[in-house]
$ cat start22.cif   # mmCIF, N, CA and C atoms
data_run
loop_
_atom_site.label_atom_id
_atom_site.label_comp_id
_atom_site.auth_asym_id
_atom_site.auth_seq_id
_atom_site.Cartn_x
_atom_site.Cartn_y
_atom_site.Cartn_z
N MET N 1 1.37 -1.07 20.84
CA MET N 1 2.09 -1.33 19.60
C MET N 1 3.26 -2.29 19.84
N ALA N 2 3.81 -2.25 21.03
CA ALA N 2 4.90 -3.19 21.34
C ALA N 2 4.42 -4.63 21.21
N ALA N 3 3.20 -4.90 21.63
CA ALA N 3 2.65 -6.26 21.51
C ALA N 3 2.44 -6.62 20.04
N ALA N 4 2.02 -5.67 19.23
CA ALA N 4 1.87 -5.93 17.79
C ALA N 4 3.23 -6.20 17.15
N LEU N 5 4.25 -5.49 17.57
CA LEU N 5 5.60 -5.76 17.08
C LEU N 5 6.05 -7.17 17.47
N ASP N 6 5.72 -7.61 18.68
CA ASP N 6 6.04 -8.98 19.08
C ASP N 6 5.38 -9.98 18.14
N GLU N 7 4.13 -9.72 17.77
CA GLU N 7 3.43 -10.59 16.83
C GLU N 7 4.11 -10.57 15.46
N ALA N 8 4.52 -9.40 15.01
CA ALA N 8 5.21 -9.29 13.72
C ALA N 8 6.49 -10.12 13.74
N ARG N 9 7.20 -10.10 14.84
CA ARG N 9 8.43 -10.90 14.96
C ARG N 9 8.12 -12.40 14.94
N ARG N 10 6.99 -12.79 15.50
CA ARG N 10 6.55 -14.19 15.43
C ARG N 10 6.28 -14.56 13.98
N GLY N 11 5.67 -13.64 13.25
CA GLY N 11 5.43 -13.87 11.83
C GLY N 11 6.72 -14.03 11.05
N LEU N 12 7.69 -13.18 11.34
CA LEU N 12 9.00 -13.27 10.70
C LEU N 12 9.62 -14.64 10.94
N ALA N 13 9.56 -15.10 12.18
CA ALA N 13 10.11 -16.42 12.53
C ALA N 13 9.38 -17.55 11.82
N ALA N 14 8.12 -17.33 11.48
CA ALA N 14 7.32 -18.34 10.78
C ALA N 14 7.46 -18.26 9.26
N GLY N 15 8.27 -17.31 8.79
CA GLY N 15 8.47 -17.17 7.35
C GLY N 15 7.41 -16.35 6.65
N GLU N 16 6.63 -15.60 7.41
CA GLU N 16 5.58 -14.75 6.85
C GLU N 16 6.09 -13.31 6.76
N VAL N 17 5.39 -12.49 5.99
CA VAL N 17 5.68 -11.06 5.98
C VAL N 17 5.40 -10.55 7.39
N PRO N 18 6.38 -9.90 8.03
CA PRO N 18 6.26 -9.56 9.45
C PRO N 18 5.35 -8.37 9.75
N ILE N 19 4.07 -8.65 9.78
CA ILE N 19 3.07 -7.67 10.19
C ILE N 19 2.30 -8.29 11.34
N GLY N 20 2.18 -7.53 12.42
CA GLY N 20 1.47 -8.03 13.59
C GLY N 20 0.36 -7.09 14.00
N ALA N 21 -0.63 -7.66 14.69
CA ALA N 21 -1.76 -6.85 15.15
C ALA N 21 -2.24 -7.38 16.50
N VAL N 22 -2.78 -6.46 17.29
CA VAL N 22 -3.48 -6.83 18.52
C VAL N 22 -4.77 -6.03 18.56
N LEU N 23 -5.78 -6.60 19.19
CA LEU N 23 -7.06 -5.93 19.36
C LEU N 23 -7.29 -5.74 20.84
N VAL N 24 -7.59 -4.51 21.22
CA VAL N 24 -7.73 -4.12 22.62
C VAL N 24 -9.15 -3.65 22.88
N ILE N 25 -9.73 -4.16 23.96
CA ILE N 25 -11.03 -3.68 24.43
C ILE N 25 -10.89 -3.44 25.93
N GLY N 26 -11.28 -2.26 26.36
CA GLY N 26 -11.21 -1.94 27.78
C GLY N 26 -9.81 -2.00 28.35
N GLY N 27 -8.83 -1.63 27.55
CA GLY N 27 -7.44 -1.61 28.02
C GLY N 27 -6.78 -2.98 28.10
N ARG N 28 -7.46 -4.02 27.58
CA ARG N 28 -6.94 -5.38 27.65
C ARG N 28 -6.83 -5.97 26.25
N ILE N 29 -5.70 -6.61 25.96
CA ILE N 29 -5.53 -7.28 24.68
C ILE N 29 -6.42 -8.53 24.69
N VAL N 30 -7.33 -8.59 23.73
CA VAL N 30 -8.22 -9.75 23.66
C VAL N 30 -7.90 -10.66 22.47
N ALA N 31 -7.11 -10.16 21.52
CA ALA N 31 -6.71 -10.99 20.38
C ALA N 31 -5.37 -10.52 19.85
N ARG N 32 -4.57 -11.49 19.39
CA ARG N 32 -3.24 -11.24 18.83
C ARG N 32 -3.08 -12.07 17.57
N ALA N 33 -2.37 -11.53 16.59
CA ALA N 33 -2.13 -12.32 15.37
C ALA N 33 -0.99 -11.70 14.57
N PHE N 34 -0.45 -12.53 13.69
CA PHE N 34 0.51 -12.06 12.70
C PHE N 34 0.03 -12.54 11.34
N ASN N 35 0.55 -11.92 10.28
CA ASN N 35 0.18 -12.32 8.92
C ASN N 35 0.44 -13.81 8.74
N GLN N 36 -0.52 -14.51 8.12
CA GLN N 36 -0.36 -15.95 7.91
C GLN N 36 -0.85 -16.44 6.55
N PRO N 37 -0.86 -15.61 5.50
CA PRO N 37 -1.35 -16.12 4.22
C PRO N 37 -0.56 -17.31 3.68
N ILE N 38 0.74 -17.35 3.93
CA ILE N 38 1.57 -18.44 3.41
C ILE N 38 1.25 -19.73 4.15
N GLY N 39 1.37 -19.70 5.47
CA GLY N 39 1.16 -20.90 6.27
C GLY N 39 -0.27 -21.40 6.25
N ALA N 40 -1.23 -20.48 6.22
CA ALA N 40 -2.64 -20.86 6.22
C ALA N 40 -3.16 -21.13 4.81
N VAL N 41 -2.35 -20.84 3.80
CA VAL N 41 -2.76 -20.95 2.41
C VAL N 41 -4.10 -20.23 2.23
N ASP N 42 -4.10 -18.98 2.69
CA ASP N 42 -5.32 -18.18 2.72
C ASP N 42 -4.97 -16.73 2.45
N PRO N 43 -5.34 -16.19 1.30
CA PRO N 43 -4.98 -14.81 0.99
C PRO N 43 -5.61 -13.78 1.92
N THR N 44 -6.63 -14.17 2.68
CA THR N 44 -7.26 -13.23 3.61
C THR N 44 -6.68 -13.30 5.01
N ALA N 45 -5.70 -14.13 5.24
CA ALA N 45 -5.16 -14.33 6.59
C ALA N 45 -4.16 -13.23 6.98
N HIS N 46 -4.58 -12.00 6.82
CA HIS N 46 -3.78 -10.87 7.28
C HIS N 46 -3.98 -10.72 8.79
N ALA N 47 -3.02 -10.13 9.45
CA ALA N 47 -3.06 -9.98 10.91
C ALA N 47 -4.33 -9.30 11.38
N GLU N 48 -4.75 -8.25 10.67
CA GLU N 48 -5.94 -7.51 11.08
C GLU N 48 -7.19 -8.38 11.01
N VAL N 49 -7.34 -9.14 9.94
CA VAL N 49 -8.50 -10.01 9.77
C VAL N 49 -8.49 -11.09 10.85
N LEU N 50 -7.33 -11.64 11.14
CA LEU N 50 -7.26 -12.70 12.15
C LEU N 50 -7.61 -12.21 13.54
N VAL N 51 -7.19 -10.99 13.91
CA VAL N 51 -7.57 -10.49 15.24
C VAL N 51 -9.06 -10.18 15.30
N LEU N 52 -9.62 -9.71 14.19
CA LEU N 52 -11.07 -9.46 14.17
C LEU N 52 -11.84 -10.77 14.34
N ARG N 53 -11.43 -11.81 13.63
CA ARG N 53 -12.10 -13.11 13.73
C ARG N 53 -12.05 -13.64 15.16
N ASP N 54 -10.87 -13.60 15.75
CA ASP N 54 -10.70 -14.12 17.12
C ASP N 54 -11.52 -13.32 18.12
N ALA N 55 -11.43 -12.02 18.06
CA ALA N 55 -12.16 -11.16 19.01
C ALA N 55 -13.67 -11.32 18.84
N ALA N 56 -14.15 -11.42 17.60
CA ALA N 56 -15.59 -11.57 17.36
C ALA N 56 -16.09 -12.90 17.93
N ARG N 57 -15.30 -13.96 17.75
CA ARG N 57 -15.68 -15.27 18.34
C ARG N 57 -15.77 -15.16 19.85
N GLN N 58 -14.78 -14.52 20.45
CA GLN N 58 -14.78 -14.38 21.91
C GLN N 58 -15.97 -13.54 22.40
N ALA N 59 -16.29 -12.48 21.66
CA ALA N 59 -17.37 -11.58 22.06
C ALA N 59 -18.74 -12.15 21.70
N GLY N 60 -18.77 -13.10 20.77
CA GLY N 60 -20.05 -13.61 20.30
C GLY N 60 -20.79 -12.59 19.45
N ASN N 61 -20.02 -11.67 18.85
CA ASN N 61 -20.61 -10.60 18.06
C ASN N 61 -19.55 -10.07 17.09
N TYR N 62 -19.91 -9.92 15.82
CA TYR N 62 -18.94 -9.39 14.87
C TYR N 62 -18.74 -7.89 15.01
N ARG N 63 -19.64 -7.23 15.72
CA ARG N 63 -19.50 -5.78 15.92
C ARG N 63 -18.62 -5.53 17.14
N LEU N 64 -17.49 -4.93 16.88
CA LEU N 64 -16.48 -4.71 17.92
C LEU N 64 -16.34 -3.21 18.16
N THR N 65 -17.43 -2.57 18.56
CA THR N 65 -17.52 -1.12 18.60
C THR N 65 -16.61 -0.46 19.63
N ASP N 66 -16.17 -1.19 20.63
CA ASP N 66 -15.27 -0.62 21.64
C ASP N 66 -13.81 -0.97 21.40
N ALA N 67 -13.51 -1.57 20.26
CA ALA N 67 -12.17 -2.10 20.00
C ALA N 67 -11.24 -1.07 19.38
N THR N 68 -9.98 -1.18 19.78
CA THR N 68 -8.88 -0.48 19.11
C THR N 68 -7.96 -1.56 18.56
N VAL N 69 -7.63 -1.46 17.29
CA VAL N 69 -6.71 -2.41 16.66
C VAL N 69 -5.38 -1.70 16.45
N TYR N 70 -4.33 -2.32 16.94
CA TYR N 70 -2.97 -1.83 16.73
C TYR N 70 -2.32 -2.75 15.71
N VAL N 71 -1.78 -2.17 14.65
CA VAL N 71 -1.14 -2.96 13.60
C VAL N 71 0.16 -2.27 13.19
N THR N 72 1.17 -3.07 12.92
CA THR N 72 2.50 -2.52 12.69
C THR N 72 2.63 -1.77 11.37
N VAL N 73 1.79 -2.11 10.39
CA VAL N 73 1.86 -1.47 9.08
C VAL N 73 0.45 -1.02 8.68
N GLU N 74 0.35 0.10 8.03
CA GLU N 74 -0.93 0.63 7.56
C GLU N 74 -1.71 -0.46 6.82
N PRO N 75 -2.96 -0.66 7.17
CA PRO N 75 -3.76 -1.73 6.56
C PRO N 75 -4.01 -1.53 5.06
N CYS N 76 -4.16 -2.67 4.38
CA CYS N 76 -4.52 -2.67 2.97
C CYS N 76 -6.03 -2.45 2.82
N LEU N 77 -6.48 -2.36 1.59
CA LEU N 77 -7.89 -2.10 1.31
C LEU N 77 -8.80 -3.20 1.86
N MET N 78 -8.40 -4.46 1.70
CA MET N 78 -9.19 -5.56 2.24
C MET N 78 -9.35 -5.43 3.74
N CYS N 79 -8.27 -5.15 4.43
CA CYS N 79 -8.31 -5.05 5.89
C CYS N 79 -9.11 -3.84 6.35
N VAL N 80 -8.99 -2.73 5.65
CA VAL N 80 -9.80 -1.56 6.00
C VAL N 80 -11.27 -1.92 5.88
N GLY N 81 -11.64 -2.63 4.83
CA GLY N 81 -13.02 -3.07 4.67
C GLY N 81 -13.48 -3.93 5.83
N ALA N 82 -12.65 -4.86 6.25
CA ALA N 82 -13.00 -5.73 7.39
C ALA N 82 -13.13 -4.92 8.67
N LEU N 83 -12.25 -3.95 8.86
CA LEU N 83 -12.29 -3.10 10.06
C LEU N 83 -13.56 -2.25 10.08
N VAL N 84 -13.97 -1.77 8.91
CA VAL N 84 -15.22 -1.01 8.81
C VAL N 84 -16.39 -1.92 9.17
N HIS N 85 -16.43 -3.11 8.59
CA HIS N 85 -17.55 -4.03 8.85
C HIS N 85 -17.60 -4.46 10.32
N ALA N 86 -16.45 -4.55 10.96
CA ALA N 86 -16.42 -4.90 12.38
C ALA N 86 -16.77 -3.71 13.27
N ARG N 87 -16.82 -2.54 12.66
CA ARG N 87 -17.19 -1.31 13.36
C ARG N 87 -16.26 -0.98 14.53
N VAL N 88 -14.96 -1.21 14.31
CA VAL N 88 -14.00 -0.89 15.37
C VAL N 88 -14.02 0.61 15.64
N HIS N 89 -13.60 0.96 16.82
CA HIS N 89 -13.56 2.38 17.22
C HIS N 89 -12.35 3.09 16.64
N GLU N 90 -11.18 2.42 16.69
CA GLU N 90 -9.94 3.09 16.27
C GLU N 90 -8.96 2.08 15.70
N VAL N 91 -8.16 2.54 14.75
CA VAL N 91 -7.03 1.77 14.22
C VAL N 91 -5.78 2.61 14.43
N VAL N 92 -4.80 1.99 15.06
CA VAL N 92 -3.51 2.63 15.31
C VAL N 92 -2.47 1.83 14.53
N TYR N 93 -1.75 2.49 13.63
CA TYR N 93 -0.73 1.77 12.87
C TYR N 93 0.65 2.38 13.11
N GLY N 94 1.66 1.57 12.83
CA GLY N 94 3.04 2.01 13.01
C GLY N 94 3.58 2.72 11.79
N ALA N 95 3.89 1.95 10.75
CA ALA N 95 4.51 2.50 9.54
C ALA N 95 3.50 2.61 8.42
N ALA N 96 3.59 3.70 7.69
CA ALA N 96 2.77 3.85 6.48
C ALA N 96 3.23 2.81 5.46
N GLU N 97 2.33 2.40 4.58
CA GLU N 97 2.64 1.42 3.53
C GLU N 97 2.42 2.11 2.18
N PRO N 98 3.50 2.64 1.59
CA PRO N 98 3.35 3.48 0.40
C PRO N 98 2.80 2.76 -0.83
N LYS N 99 2.85 1.44 -0.88
CA LYS N 99 2.36 0.71 -2.07
C LYS N 99 0.92 0.25 -1.93
N THR N 100 0.52 -0.17 -0.74
CA THR N 100 -0.83 -0.75 -0.60
C THR N 100 -1.62 -0.19 0.57
N GLY N 101 -1.08 0.76 1.30
CA GLY N 101 -1.79 1.32 2.44
C GLY N 101 -3.08 2.00 2.01
N ALA N 102 -4.17 1.70 2.72
CA ALA N 102 -5.47 2.19 2.28
C ALA N 102 -6.12 3.15 3.27
N LEU N 103 -5.33 3.72 4.16
CA LEU N 103 -5.86 4.75 5.05
C LEU N 103 -5.36 6.13 4.64
N VAL N 104 -4.06 6.24 4.36
CA VAL N 104 -3.49 7.54 4.00
C VAL N 104 -2.52 7.48 2.82
N SER N 105 -2.05 6.31 2.44
CA SER N 105 -0.97 6.24 1.46
C SER N 105 -1.42 6.17 0.01
N THR N 106 -1.98 5.05 -0.42
CA THR N 106 -2.39 4.93 -1.83
C THR N 106 -3.87 5.20 -2.02
N ALA N 107 -4.64 4.95 -0.98
CA ALA N 107 -6.09 5.19 -1.04
C ALA N 107 -6.52 5.73 0.32
N ARG N 108 -7.56 6.48 0.31
CA ARG N 108 -8.15 6.95 1.56
C ARG N 108 -9.53 6.31 1.64
N ALA N 109 -9.50 5.02 1.98
CA ALA N 109 -10.72 4.21 1.92
C ALA N 109 -11.85 4.76 2.78
N LEU N 110 -11.52 5.40 3.88
CA LEU N 110 -12.57 5.91 4.75
C LEU N 110 -13.29 7.11 4.16
N ASP N 111 -12.75 7.66 3.07
CA ASP N 111 -13.42 8.76 2.37
C ASP N 111 -14.43 8.26 1.34
N THR N 112 -14.55 6.95 1.20
CA THR N 112 -15.47 6.36 0.23
C THR N 112 -16.91 6.73 0.60
N PRO N 113 -17.65 7.31 -0.33
CA PRO N 113 -19.05 7.64 -0.04
C PRO N 113 -19.85 6.37 0.26
N GLY N 114 -20.83 6.52 1.12
CA GLY N 114 -21.73 5.42 1.39
C GLY N 114 -21.32 4.47 2.50
N LEU N 115 -20.14 4.66 3.07
CA LEU N 115 -19.76 3.78 4.19
C LEU N 115 -20.71 3.98 5.35
N ASN N 116 -21.07 2.88 6.00
CA ASN N 116 -21.97 2.99 7.15
C ASN N 116 -21.22 3.15 8.46
N HIS N 117 -19.88 3.16 8.39
CA HIS N 117 -19.08 3.32 9.60
C HIS N 117 -17.71 3.87 9.22
N ARG N 118 -17.17 4.66 10.08
CA ARG N 118 -15.79 5.14 9.96
C ARG N 118 -15.16 5.03 11.33
N PHE N 119 -13.84 4.93 11.36
CA PHE N 119 -13.15 4.82 12.64
C PHE N 119 -12.05 5.87 12.74
N VAL N 120 -11.61 6.09 13.95
CA VAL N 120 -10.50 7.00 14.22
C VAL N 120 -9.21 6.34 13.73
N VAL N 121 -8.33 7.12 13.13
CA VAL N 121 -7.04 6.62 12.64
C VAL N 121 -5.92 7.39 13.31
N THR N 122 -4.97 6.64 13.85
CA THR N 122 -3.77 7.22 14.43
C THR N 122 -2.58 6.50 13.81
N GLY N 123 -1.68 7.24 13.21
CA GLY N 123 -0.52 6.63 12.55
C GLY N 123 0.78 7.07 13.17
N GLY N 124 1.84 6.34 12.82
CA GLY N 124 3.19 6.70 13.22
C GLY N 124 3.59 6.29 14.62
N VAL N 125 2.87 5.35 15.23
CA VAL N 125 3.20 4.90 16.59
C VAL N 125 4.30 3.83 16.50
N LEU N 126 5.42 4.08 17.16
CA LEU N 126 6.62 3.24 17.05
C LEU N 126 6.99 3.03 15.58
N GLU N 127 6.82 4.09 14.83
CA GLU N 127 6.99 4.03 13.37
C GLU N 127 8.35 3.48 12.95
N GLU N 128 9.41 3.96 13.56
CA GLU N 128 10.75 3.53 13.14
C GLU N 128 10.94 2.03 13.33
N GLU N 129 10.54 1.50 14.48
CA GLU N 129 10.69 0.07 14.74
C GLU N 129 9.85 -0.75 13.77
N CYS N 130 8.64 -0.30 13.53
CA CYS N 130 7.75 -1.01 12.60
C CYS N 130 8.32 -0.98 11.18
N ARG N 131 8.76 0.17 10.75
CA ARG N 131 9.32 0.32 9.40
C ARG N 131 10.60 -0.50 9.25
N ASP N 132 11.48 -0.46 10.25
CA ASP N 132 12.73 -1.21 10.18
C ASP N 132 12.49 -2.70 10.04
N LEU N 133 11.50 -3.22 10.74
CA LEU N 133 11.22 -4.65 10.69
C LEU N 133 10.75 -5.07 9.30
N ILE N 134 9.80 -4.35 8.74
CA ILE N 134 9.26 -4.73 7.43
C ILE N 134 10.28 -4.47 6.32
N GLN N 135 11.01 -3.36 6.39
CA GLN N 135 12.01 -3.08 5.37
C GLN N 135 13.16 -4.08 5.43
N GLY N 136 13.57 -4.46 6.63
CA GLY N 136 14.63 -5.45 6.77
C GLY N 136 14.24 -6.79 6.16
N PHE N 137 12.99 -7.17 6.35
CA PHE N 137 12.48 -8.41 5.78
C PHE N 137 12.59 -8.39 4.26
N PHE N 138 12.11 -7.32 3.63
CA PHE N 138 12.14 -7.26 2.17
C PHE N 138 13.56 -7.06 1.63
N ARG N 139 14.38 -6.35 2.36
CA ARG N 139 15.78 -6.19 1.95
C ARG N 139 16.46 -7.56 1.91
N GLU N 140 16.23 -8.38 2.93
CA GLU N 140 16.81 -9.72 2.98
C GLU N 140 16.26 -10.60 1.86
N LYS N 141 14.98 -10.52 1.58
CA LYS N 141 14.35 -11.30 0.50
C LYS N 141 14.99 -10.98 -0.84
N ARG N 142 15.27 -9.70 -1.09
CA ARG N 142 15.85 -9.30 -2.37
C ARG N 142 17.28 -9.81 -2.53
N GLN N 143 17.97 -10.08 -1.43
CA GLN N 143 19.34 -10.54 -1.50
C GLN N 143 19.43 -12.05 -1.75
N LEU N 144 18.34 -12.75 -1.54
CA LEU N 144 18.35 -14.22 -1.74
C LEU N 144 18.31 -14.61 -3.18
#

$ encode --input "start22.cif" --output "structure tokens"
Amino acid sequence: MAAALDEARRGLAAGEVPIGAVLVIGGRIVARAFNQPIGAVDPTAHAEVLVLRDAARQAGNYRLTDATVYVTVEPCLMCVGALVHARVHEVVYGAAEPKTGALVSTARALDTPGLNHRFVVTGGVLEEECRDLIQGFFREKRQL
């Protein structure tokens, strides 16, 4: 999660919403990303989607069954869908996202009937640091 926080800080420096993600296979980080919808002019350029794209290219396979994705904020519905399609093993998030989180907060996407895959969810890892970073960003935005 510390590496995902580093990515989130890179996103903050780039003027993006500071959410970072890393994808780990076999105890090794194989992909890193931060949110980039603004810079990439791409509404799907969330950190989770970007690490999945990078890791899938490297693996030569979109199925990332041995992967654990660490992300600083609970994924949104779009990202949960991408994580399901990539068939990741586990998602570890830092801070819950009470407005758009789709694992435990606003929706429990993995409870959707008919899914062909579900993954392990672990929340609250380095929660305070993750929450402080995202809340500080929005607090500053509101003051501008």

$ resolve_selection --input "start22.cif" --expression "the PyMOL selection byres ((chain N and resi 130) around 8)" --output "JSON, numbers by chain"
{"N": [5, 71, 72, 73, 93, 94, 95, 96, 125, 126, 127, 128, 129, 131, 132, 133, 134, 135, 136]}

$ atom_distance --input "start22.cif" --atom1 "CA of Gly81 in chain N" --atom2 "atom C of Arg10 in chain N"
24.3 Å

$ resolve_selection --input "start22.cif" --expression "the PyMOL selection byres ((chain N and resi 35-38) around 6.5)" --output "ChimeraX atom specification"
/N:7-8,11,16-21,33-34,39-48

$ write_last_selection --input "start22.cif" --atoms "N, CA and C atoms" --output "PDB file, in the coordinates of the input"
ATOM      1  N   GLU N   7       4.130  -9.720  17.770  1.00  0.00           N
ATOM      2  CA  GLU N   7       3.430 -10.590  16.830  1.00  0.00           C
ATOM      3  C   GLU N   7       4.110 -10.570  15.460  1.00  0.00           C
ATOM      4  N   ALA N   8       4.520  -9.400  15.010  1.00  0.00           N
ATOM      5  CA  ALA N   8       5.210  -9.290  13.720  1.00  0.00           C
ATOM      6  C   ALA N   8       6.490 -10.120  13.740  1.00  0.00           C
ATOM      7  N   GLY N  11       5.670 -13.640  13.250  1.00  0.00           N
ATOM      8  CA  GLY N  11       5.430 -13.870  11.830  1.00  0.00           C
ATOM      9  C   GLY N  11       6.720 -14.030  11.050  1.00  0.00           C
ATOM     10  N   GLU N  16       6.630 -15.600   7.410  1.00  0.00           N
ATOM     11  CA  GLU N  16       5.580 -14.750   6.850  1.00  0.00           C
ATOM     12  C   GLU N  16       6.090 -13.310   6.760  1.00  0.00           C
ATOM     13  N   VAL N  17       5.390 -12.490   5.990  1.00  0.00           N
ATOM     14  CA  VAL N  17       5.680 -11.060   5.980  1.00  0.00           C
ATOM     15  C   VAL N  17       5.400 -10.550   7.390  1.00  0.00           C
ATOM     16  N   PRO N  18       6.380  -9.900   8.030  1.00  0.00           N
ATOM     17  CA  PRO N  18       6.260  -9.560   9.450  1.00  0.00           C
ATOM     18  C   PRO N  18       5.350  -8.370   9.750  1.00  0.00           C
ATOM     19  N   ILE N  19       4.070  -8.650   9.780  1.00  0.00           N
ATOM     20  CA  ILE N  19       3.070  -7.670  10.190  1.00  0.00           C
ATOM     21  C   ILE N  19       2.300  -8.290  11.340  1.00  0.00           C
ATOM     22  N   GLY N  20       2.180  -7.530  12.420  1.00  0.00           N
ATOM     23  CA  GLY N  20       1.470  -8.030  13.590  1.00  0.00           C
ATOM     24  C   GLY N  20       0.360  -7.090  14.000  1.00  0.00           C
ATOM     25  N   ALA N  21      -0.630  -7.660  14.690  1.00  0.00           N
ATOM     26  CA  ALA N  21      -1.760  -6.850  15.150  1.00  0.00           C
ATOM     27  C   ALA N  21      -2.240  -7.380  16.500  1.00  0.00           C
ATOM     28  N   ALA N  33      -2.370 -11.530  16.590  1.00  0.00           N
ATOM     29  CA  ALA N  33      -2.130 -12.320  15.370  1.00  0.00           C
ATOM     30  C   ALA N  33      -0.990 -11.700  14.570  1.00  0.00           C
ATOM     31  N   PHE N  34      -0.450 -12.530  13.690  1.00  0.00           N
ATOM     32  CA  PHE N  34       0.510 -12.060  12.700  1.00  0.00           C
ATOM     33  C   PHE N  34       0.030 -12.540  11.340  1.00  0.00           C
ATOM     34  N   GLY N  39       1.370 -19.700   5.470  1.00  0.00           N
ATOM     35  CA  GLY N  39       1.160 -20.900   6.270  1.00  0.00           C
ATOM     36  C   GLY N  39      -0.270 -21.400   6.250  1.00  0.00           C
ATOM     37  N   ALA N  40      -1.230 -20.480   6.220  1.00  0.00           N
ATOM     38  CA  ALA N  40      -2.640 -20.860   6.220  1.00  0.00           C
ATOM     39  C   ALA N  40      -3.160 -21.130   4.810  1.00  0.00           C
ATOM     40  N   VAL N  41      -2.350 -20.840   3.800  1.00  0.00           N
ATOM     41  CA  VAL N  41      -2.760 -20.950   2.410  1.00  0.00           C
ATOM     42  C   VAL N  41      -4.100 -20.230   2.230  1.00  0.00           C
ATOM     43  N   ASP N  42      -4.100 -18.980   2.690  1.00  0.00           N
ATOM     44  CA  ASP N  42      -5.320 -18.180   2.720  1.00  0.00           C
ATOM     45  C   ASP N  42      -4.970 -16.730   2.450  1.00  0.00           C
ATOM     46  N   PRO N  43      -5.340 -16.190   1.300  1.00  0.00           N
ATOM     47  CA  PRO N  43      -4.980 -14.810   0.990  1.00  0.00           C
ATOM     48  C   PRO N  43      -5.610 -13.780   1.920  1.00  0.00           C
ATOM     49  N   THR N  44      -6.630 -14.170   2.680  1.00  0.00           N
ATOM     50  CA  THR N  44      -7.260 -13.230   3.610  1.00  0.00           C
ATOM     51  C   THR N  44      -6.680 -13.300   5.010  1.00  0.00           C
ATOM     52  N   ALA N  45      -5.700 -14.130   5.240  1.00  0.00           N
ATOM     53  CA  ALA N  45      -5.160 -14.330   6.590  1.00  0.00           C
ATOM     54  C   ALA N  45      -4.160 -13.230   6.980  1.00  0.00           C
ATOM     55  N   HIS N  46      -4.580 -12.000   6.820  1.00  0.00           N
ATOM     56  CA  HIS N  46      -3.780 -10.870   7.280  1.00  0.00           C
ATOM     57  C   HIS N  46      -3.980 -10.720   8.790  1.00  0.00           C
ATOM     58  N   ALA N  47      -3.020 -10.130   9.450  1.00  0.00           N
ATOM     59  CA  ALA N  47      -3.060  -9.980  10.910  1.00  0.00           C
ATOM     60  C   ALA N  47      -4.330  -9.300  11.380  1.00  0.00           C
ATOM     61  N   GLU N  48      -4.750  -8.250  10.670  1.00  0.00           N
ATOM     62  CA  GLU N  48      -5.940  -7.510  11.080  1.00  0.00           C
ATOM     63  C   GLU N  48      -7.190  -8.380  11.010  1.00  0.00           C
TER      64      GLU N  48
END

$ closest_residue --input "start22.cif" --among "N:Gly114, N:Pro75, N:Gly27, N:Gly123" --to "Gly101 in chain N" --atoms "only N, CA and C atoms"
N:Pro75

$ atom_distance --input "start22.cif" --atom1 "atom N of Gly124 in chain N" --atom2 "atom N of Arg63 in chain N"
25.6 Å

$ closest_residue --input "start22.cif" --among "N:Val69, N:Val80, N:Leu50, N:Val88" --to "Thr100 in chain N" --atoms "only C-alpha atoms"
N:Val80

$ atom_distance --input "start22.cif" --atom1 "atom N of Tyr62 in chain N" --atom2 "atom N of Val121 in chain N"
20.8 Å

$ select_by_dssp --input "start22.cif" --residues "chain N" --states "helix (DSSP H, G or I)" --output "count of residues only"
59

$ residues_around --input "start22.cif" --residues "range 52-55 of chain N" --least-positions-apart "5" --cutoff "6.5 Å" --atoms "only N, CA and C atoms" --output "JSON, numbers by chain"
{"N": [30, 31, 47, 60, 61]}

$ closest_residue --input "start22.cif" --among "N:Gly15, N:Val91, N:Ala86, N:Ala4" --to "Thr122 in chain N" --atoms "only C-alpha atoms"
N:Val91

$ residues_around --input "start22.cif" --residues "His117 in chain N" --least-positions-apart "6" --cutoff "10 Å" --atoms "only C-alpha atoms" --output "JSON, numbers by chain"
{"N": [83, 84, 85, 86, 87, 88, 89, 110]}

$ select_by_dssp --input "start22.cif" --residues "chain N" --states "strand (DSSP E or B)" --output "list in words"
Gly20, Ala21, Val22, Leu23, Val24, Ile25, Arg28, Ile29, Val30, Ala31, Arg32, Ala33, Phe34, Ala67, Thr68, Val69, Tyr70, Val71, Thr72, Val73, Glu90, Val91, Val92, Tyr93, Gly94, Ala95, Val120, Val121 and Thr122 of chain N

$ closest_residue --input "start22.cif" --among "N:Leu115, N:Ala56, N:Val51, N:Val104" --to "Leu23 in chain N" --atoms "all atoms listed in the file"
N:Val51

$ build_atoms --input "start22.cif" --residues "range 64-68 of chain N" --atoms "N, CA, C and O atoms" --output "PDB file, in the coordinates of the input"
ATOM      1  N   LEU N  64     -17.490  -4.930  16.880  1.00  0.00           N
ATOM      2  CA  LEU N  64     -16.480  -4.710  17.920  1.00  0.00           C
ATOM      3  C   LEU N  64     -16.340  -3.210  18.160  1.00  0.00           C
ATOM      4  O   LEU N  64     -15.270  -2.623  18.002  1.00  0.00           O
ATOM      5  N   THR N  65     -17.430  -2.570  18.560  1.00  0.00           N
ATOM      6  CA  THR N  65     -17.520  -1.120  18.600  1.00  0.00           C
ATOM      7  C   THR N  65     -16.610  -0.460  19.630  1.00  0.00           C
ATOM      8  O   THR N  65     -16.325   0.729  19.508  1.00  0.00           O
ATOM      9  N   ASP N  66     -16.170  -1.190  20.630  1.00  0.00           N
ATOM     10  CA  ASP N  66     -15.270  -0.620  21.640  1.00  0.00           C
ATOM     11  C   ASP N  66     -13.810  -0.970  21.400  1.00  0.00           C
ATOM     12  O   ASP N  66     -12.957  -0.691  22.239  1.00  0.00           O
ATOM     13  N   ALA N  67     -13.510  -1.570  20.260  1.00  0.00           N
ATOM     14  CA  ALA N  67     -12.170  -2.100  20.000  1.00  0.00           C
ATOM     15  C   ALA N  67     -11.240  -1.070  19.380  1.00  0.00           C
ATOM     16  O   ALA N  67     -11.641  -0.251  18.547  1.00  0.00           O
ATOM     17  N   THR N  68      -9.980  -1.180  19.780  1.00  0.00           N
ATOM     18  CA  THR N  68      -8.880  -0.480  19.110  1.00  0.00           C
ATOM     19  C   THR N  68      -7.960  -1.560  18.560  1.00  0.00           C
ATOM     20  O   THR N  68      -7.572  -2.475  19.291  1.00  0.00           O
TER      21      THR N  68
END
